[in-house]
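Coordinates as given in model.tsv (TSV, C-alpha atoms):
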chain	number	residue	atom	x	y	z
J	1	MET	CA	49.33	-273.27	153.17
J	2	TYR	CA	50.14	-275.92	150.61
J	3	LYS	CA	49.53	-275.07	146.96
J	4	SER	CA	47.60	-278.30	146.38
J	5	ASP	CA	45.45	-277.51	149.40
J	6	ILE	CA	44.61	-274.07	148.04
J	7	ASP	CA	43.70	-275.52	144.66
J	8	ASN	CA	41.52	-278.20	146.18
J	9	GLU	CA	39.62	-275.77	148.37
J	10	ARG	CA	38.17	-274.38	145.17
J	11	THR	CA	37.83	-277.45	142.97
J	12	THR	CA	37.28	-280.63	144.93
J	13	LYS	CA	34.26	-281.40	147.06
J	14	MET	CA	34.74	-283.12	150.36
J	15	PRO	CA	33.05	-286.51	150.81
J	16	ALA	CA	29.99	-286.66	153.06
J	17	PRO	CA	30.89	-287.65	156.63
J	18	GLN	CA	29.74	-291.14	157.59
J	19	GLU	CA	28.03	-291.65	160.92
J	20	TRP	CA	28.14	-294.89	162.90
J	21	SER	CA	25.15	-297.14	162.35
J	22	PRO	CA	24.09	-300.22	164.33
J	23	ALA	CA	24.22	-302.03	160.98
J	24	PHE	CA	28.04	-301.72	161.23
J	25	SER	CA	28.17	-303.80	164.42
J	26	VAL	CA	30.31	-306.92	164.25
J	27	GLY	CA	28.89	-308.19	167.52
J	28	ASN	CA	31.96	-307.50	169.63
J	29	PRO	CA	31.77	-304.45	171.92
J	30	ILE	CA	35.51	-303.77	171.80
J	31	LEU	CA	35.71	-303.86	168.01
J	32	ASP	CA	32.44	-301.96	167.62
J	33	GLU	CA	33.75	-299.17	169.85
J	34	GLN	CA	36.99	-299.03	167.90
J	35	HIS	CA	35.04	-298.87	164.63
J	36	ARG	CA	32.95	-296.01	166.06
J	37	LYS	CA	36.11	-294.13	166.93
J	38	LEU	CA	37.68	-294.74	163.51
J	39	LEU	CA	34.57	-293.43	161.76
J	40	ALA	CA	34.56	-290.41	164.08
J	41	ILE	CA	38.16	-289.65	163.11
J	42	CYS	CA	37.21	-290.03	159.44
J	43	LYS	CA	34.36	-287.59	160.01
J	44	GLY	CA	36.88	-285.17	161.50
J	45	LEU	CA	38.98	-285.45	158.34
J	46	VAL	CA	35.95	-284.60	156.24
J	47	LEU	CA	34.98	-281.70	158.49
J	48	CYS	CA	38.45	-280.23	157.98
J	49	GLY	CA	37.05	-279.16	154.63
J	50	GLU	CA	35.09	-276.49	156.48
J	51	LEU	CA	38.26	-274.97	157.93
J	52	ARG	CA	40.58	-272.67	156.03
J	53	GLY	CA	44.23	-271.80	155.97
J	54	ALA	CA	46.83	-273.03	158.43
J	55	GLU	CA	44.18	-274.28	160.87
J	56	ARG	CA	42.85	-276.63	158.20
J	57	VAL	CA	46.22	-278.14	157.40
J	58	SER	CA	47.28	-278.36	161.04
J	59	ARG	CA	44.08	-280.11	162.12
J	60	PHE	CA	44.24	-282.44	159.13
J	61	HIS	CA	47.80	-283.50	160.05
J	62	GLU	CA	46.72	-284.12	163.66
J	63	LEU	CA	43.91	-286.38	162.45
J	64	LEU	CA	46.20	-288.25	160.06
J	65	ASP	CA	48.52	-288.96	162.99
J	66	GLU	CA	45.55	-290.09	165.08
J	67	ILE	CA	44.35	-292.45	162.33
J	68	ALA	CA	47.84	-293.91	161.99
J	69	ARG	CA	48.16	-294.61	165.71
J	70	PHE	CA	44.63	-295.87	166.22
J	71	ALA	CA	44.56	-298.01	163.07
J	72	ARG	CA	47.63	-299.92	164.31
J	73	GLU	CA	45.98	-300.44	167.70
J	74	HIS	CA	42.72	-301.54	166.09
J	75	PHE	CA	44.38	-303.95	163.66
J	76	LYS	CA	46.35	-305.57	166.48
J	77	THR	CA	43.24	-305.91	168.66
J	78	GLU	CA	41.12	-307.27	165.83
J	79	GLU	CA	43.75	-309.74	164.67
J	80	ASN	CA	44.27	-311.01	168.24
J	81	ILE	CA	40.54	-311.50	168.78
J	82	LEU	CA	40.19	-313.29	165.45
J	83	ALA	CA	43.21	-315.50	166.16
J	84	ASN	CA	41.74	-316.44	169.54
J	85	VAL	CA	38.47	-317.57	167.93
J	86	GLY	CA	40.21	-319.43	165.11
J	87	TYR	CA	38.86	-317.23	162.33
J	88	SER	CA	39.55	-319.07	159.07
J	89	ASP	CA	40.14	-315.95	156.93
J	90	LEU	CA	42.54	-314.26	159.35
J	91	GLU	CA	45.37	-314.14	156.80
J	92	GLU	CA	43.14	-312.30	154.31
J	93	GLN	CA	42.16	-309.85	157.05
J	94	LYS	CA	45.82	-309.27	157.87
J	95	ARG	CA	46.59	-308.75	154.16
J	96	GLU	CA	43.91	-306.03	153.93
J	97	HIS	CA	45.28	-304.36	157.05
J	98	LEU	CA	48.80	-304.40	155.62
J	99	GLU	CA	47.60	-302.91	152.31
J	100	PHE	CA	45.94	-300.05	154.19
J	101	GLU	CA	49.05	-299.44	156.29
J	102	GLU	CA	51.26	-299.37	153.19
J	103	ARG	CA	48.98	-296.94	151.33
J	104	PHE	CA	48.51	-294.81	154.43
J	105	THR	CA	52.27	-294.64	154.95
J	106	GLU	CA	52.56	-293.23	151.41
J	107	ILE	CA	49.91	-290.64	152.29
J	108	LEU	CA	51.78	-289.64	155.47
J	109	CYS	CA	55.06	-289.31	153.56
J	110	ASP	CA	53.39	-287.14	150.92
J	111	ALA	CA	51.71	-285.03	153.59
J	112	SER	CA	55.00	-284.52	155.43
J	113	THR	CA	56.60	-283.15	152.25
J	114	GLY	CA	53.77	-280.75	151.50
J	115	THR	CA	51.93	-282.82	148.92
J	116	ILE	CA	48.48	-282.91	150.41
J	117	ASP	CA	45.06	-283.23	148.82
J	118	ILE	CA	42.70	-282.99	151.77
J	119	PRO	CA	39.49	-283.97	149.94
J	120	GLU	CA	41.12	-286.91	148.15
J	121	ILE	CA	42.84	-288.22	151.29
J	122	SER	CA	39.62	-287.80	153.29
J	123	ARG	CA	37.71	-289.70	150.63
J	124	PHE	CA	40.25	-292.55	150.51
J	125	VAL	CA	40.44	-292.97	154.29
J	126	SER	CA	36.69	-292.67	154.87
J	127	ASP	CA	35.81	-294.99	151.99
J	128	TRP	CA	38.43	-297.55	153.01
J	129	TRP	CA	37.23	-297.76	156.60
J	130	LEU	CA	33.56	-297.84	155.67
J	131	ASN	CA	34.09	-300.55	153.06
J	132	HIS	CA	36.40	-302.53	155.33
J	133	ILE	CA	33.86	-302.54	158.17
J	134	GLN	CA	30.89	-303.29	155.92
J	135	ILE	CA	32.56	-306.02	153.87
J	136	ALA	CA	35.71	-307.56	155.36
J	137	ASP	CA	34.73	-307.22	159.00
J	138	MET	CA	31.19	-308.48	158.40
J	139	ARG	CA	32.74	-311.76	157.21
J	140	TYR	CA	33.79	-312.59	160.76
J	141	LYS	CA	30.58	-311.45	162.43
J	142	GLU	CA	29.06	-314.92	162.29
J	143	THR	CA	32.18	-316.46	163.80
J	144	LEU	CA	32.06	-314.00	166.70
J	145	SER	CA	28.31	-314.58	167.19
J	146	ARG	CA	28.95	-318.28	167.93
J	147	LEU	CA	31.08	-317.45	170.95
J	148	PRO	CA	29.62	-317.99	174.41
Is it possible to give me this structure as structure tokens?
Amino acid sequence: MYKSDIDNERTTKMPAPQEWSPAFSVGNPILDEQHRKLLAICKGLVLCGELRGAERVSRFHELLDEIARFAREHFKTEENILANVGYSDLEEQKREHLEFEERFTEILCDASTGTIDIPEISRFVSDWWLNHIQIADMRYKETLSRLP
């Protein structure tokens, strides 16, 4: 077990898991399903807080890998859909995606070297996705709603 993980088991509270809500819908079934899956993975990160020892760290690493893979797939899908509909703020959306990927890459590097703060990483990832869906992605909802 990682020293920082042991320390955080005692001192840092895990964030509350966020469930999917119809209020998060962007009006596109593909993107909505991807958002559901991303929030489910985030919930899994949070629920790792209930595990202990090697199982906790192992499961957390599995979920980090899953987020990394699925985030890339989601960003590509979302950007392609938005490009196809001529979304005017696509470059800003891409910038936000890149910022997440850069920060998440730092997290993965830290985790691979044994520097892992499960509650803090869970909080960052969960908060980022929730805020991104509720703010950035809601900006294109109207554009998607005008499609036939």
field: Closest of J:Ala40, J:Val46, J:Val26, J:Leu90 to Arg123 (chain J) - atom-to-atom distances counting only C-alpha atoms
entry: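 Closest residue, counting only C-alpha atoms: J:Val46.
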- request: Write out as a list of chain:residue names which residues come within 7 Å of region 66-82 of chain J when counting all atoms listed in the file, dropping same-chain ones fewer than 4 positions away.
  value: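 The neighbour list is J:Leu31, J:Gln34, J:Ile41, J:Glu62, J:Gly86, J:Tyr87, J:Leu90, J:His97.
The interatomic distance for the pair CA of Ala111 (chain J) and CA of Glu99 (chain J) works out to 18.4 Å.
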message: Rounded to one decimal, what separation in Å do you get between CA of Lys37 (chain J) and CA of Thr113 (chain J)?
response: 27.5 Å
message: Taking (47.3, -289.1, 159.8) in the coordinates of the supplied file, I want to know which residues reach to within 12 Å of it, counting only C-alpha atoms; could you give the answer as a VMD selection string?
response: chain J and resid 38 41 to 42 44 to 45 57 to 72 101 103 to 112 116 118 121 to 122 125
Restricting it to C-alpha atoms, dump the selection as a short mmCIF file (atom, residue, chain, number, x, y, z; two decimals), in the frame of the given file.
data_model
loop_
_atom_site.label_atom_id
_atom_site.label_comp_id
_atom_site.auth_asym_id
_atom_site.auth_seq_id
_atom_site.Cartn_x
_atom_site.Cartn_y
_atom_site.Cartn_z
CA LEU J 38 37.68 -294.74 163.51
CA ILE J 41 38.16 -289.65 163.11
CA CYS J 42 37.21 -290.03 159.44
CA GLY J 44 36.88 -285.17 161.50
CA LEU J 45 38.98 -285.45 158.34
CA VAL J 57 46.22 -278.14 157.40
CA SER J 58 47.28 -278.36 161.04
CA ARG J 59 44.08 -280.11 162.12
CA PHE J 60 44.24 -282.44 159.13
CA HIS J 61 47.80 -283.50 160.05
CA GLU J 62 46.72 -284.12 163.66
CA LEU J 63 43.91 -286.38 162.45
CA LEU J 64 46.20 -288.25 160.06
CA ASP J 65 48.52 -288.96 162.99
CA GLU J 66 45.55 -290.09 165.08
CA ILE J 67 44.35 -292.45 162.33
CA ALA J 68 47.84 -293.91 161.99
CA ARG J 69 48.16 -294.61 165.71
CA PHE J 70 44.63 -295.87 166.22
CA ALA J 71 44.56 -298.01 163.07
CA ARG J 72 47.63 -299.92 164.31
CA GLU J 101 49.05 -299.44 156.29
CA ARG J 103 48.98 -296.94 151.33
CA PHE J 104 48.51 -294.81 154.43
CA THR J 105 52.27 -294.64 154.95
CA GLU J 106 52.56 -293.23 151.41
CA ILE J 107 49.91 -290.64 152.29
CA LEU J 108 51.78 -289.64 155.47
CA CYS J 109 55.06 -289.31 153.56
CA ASP J 110 53.39 -287.14 150.92
CA ALA J 111 51.71 -285.03 153.59
CA SER J 112 55.00 -284.52 155.43
CA ILE J 116 48.48 -282.91 150.41
CA ILE J 118 42.70 -282.99 151.77
CA ILE J 121 42.84 -288.22 151.29
CA SER J 122 39.62 -287.80 153.29
CA VAL J 125 40.44 -292.97 154.29
#
task: Counting only C-alpha atoms, select every polymer residue within 12 Å of (29.3, -308.3, 158.0) as defined in the file's coordinates, and provide the selection as a list in words.
output: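 Output: Pro22, Ala23, Phe24, Ser25, Val26, Gly27, Asn28, Asp32, Leu130, Asn131, His132, Ile133, Gln134, Ile135, Ala136, Asp137, Met138, Arg139, Tyr140, Lys141, Glu142, Thr143, Leu144 and Ser145 of chain J.
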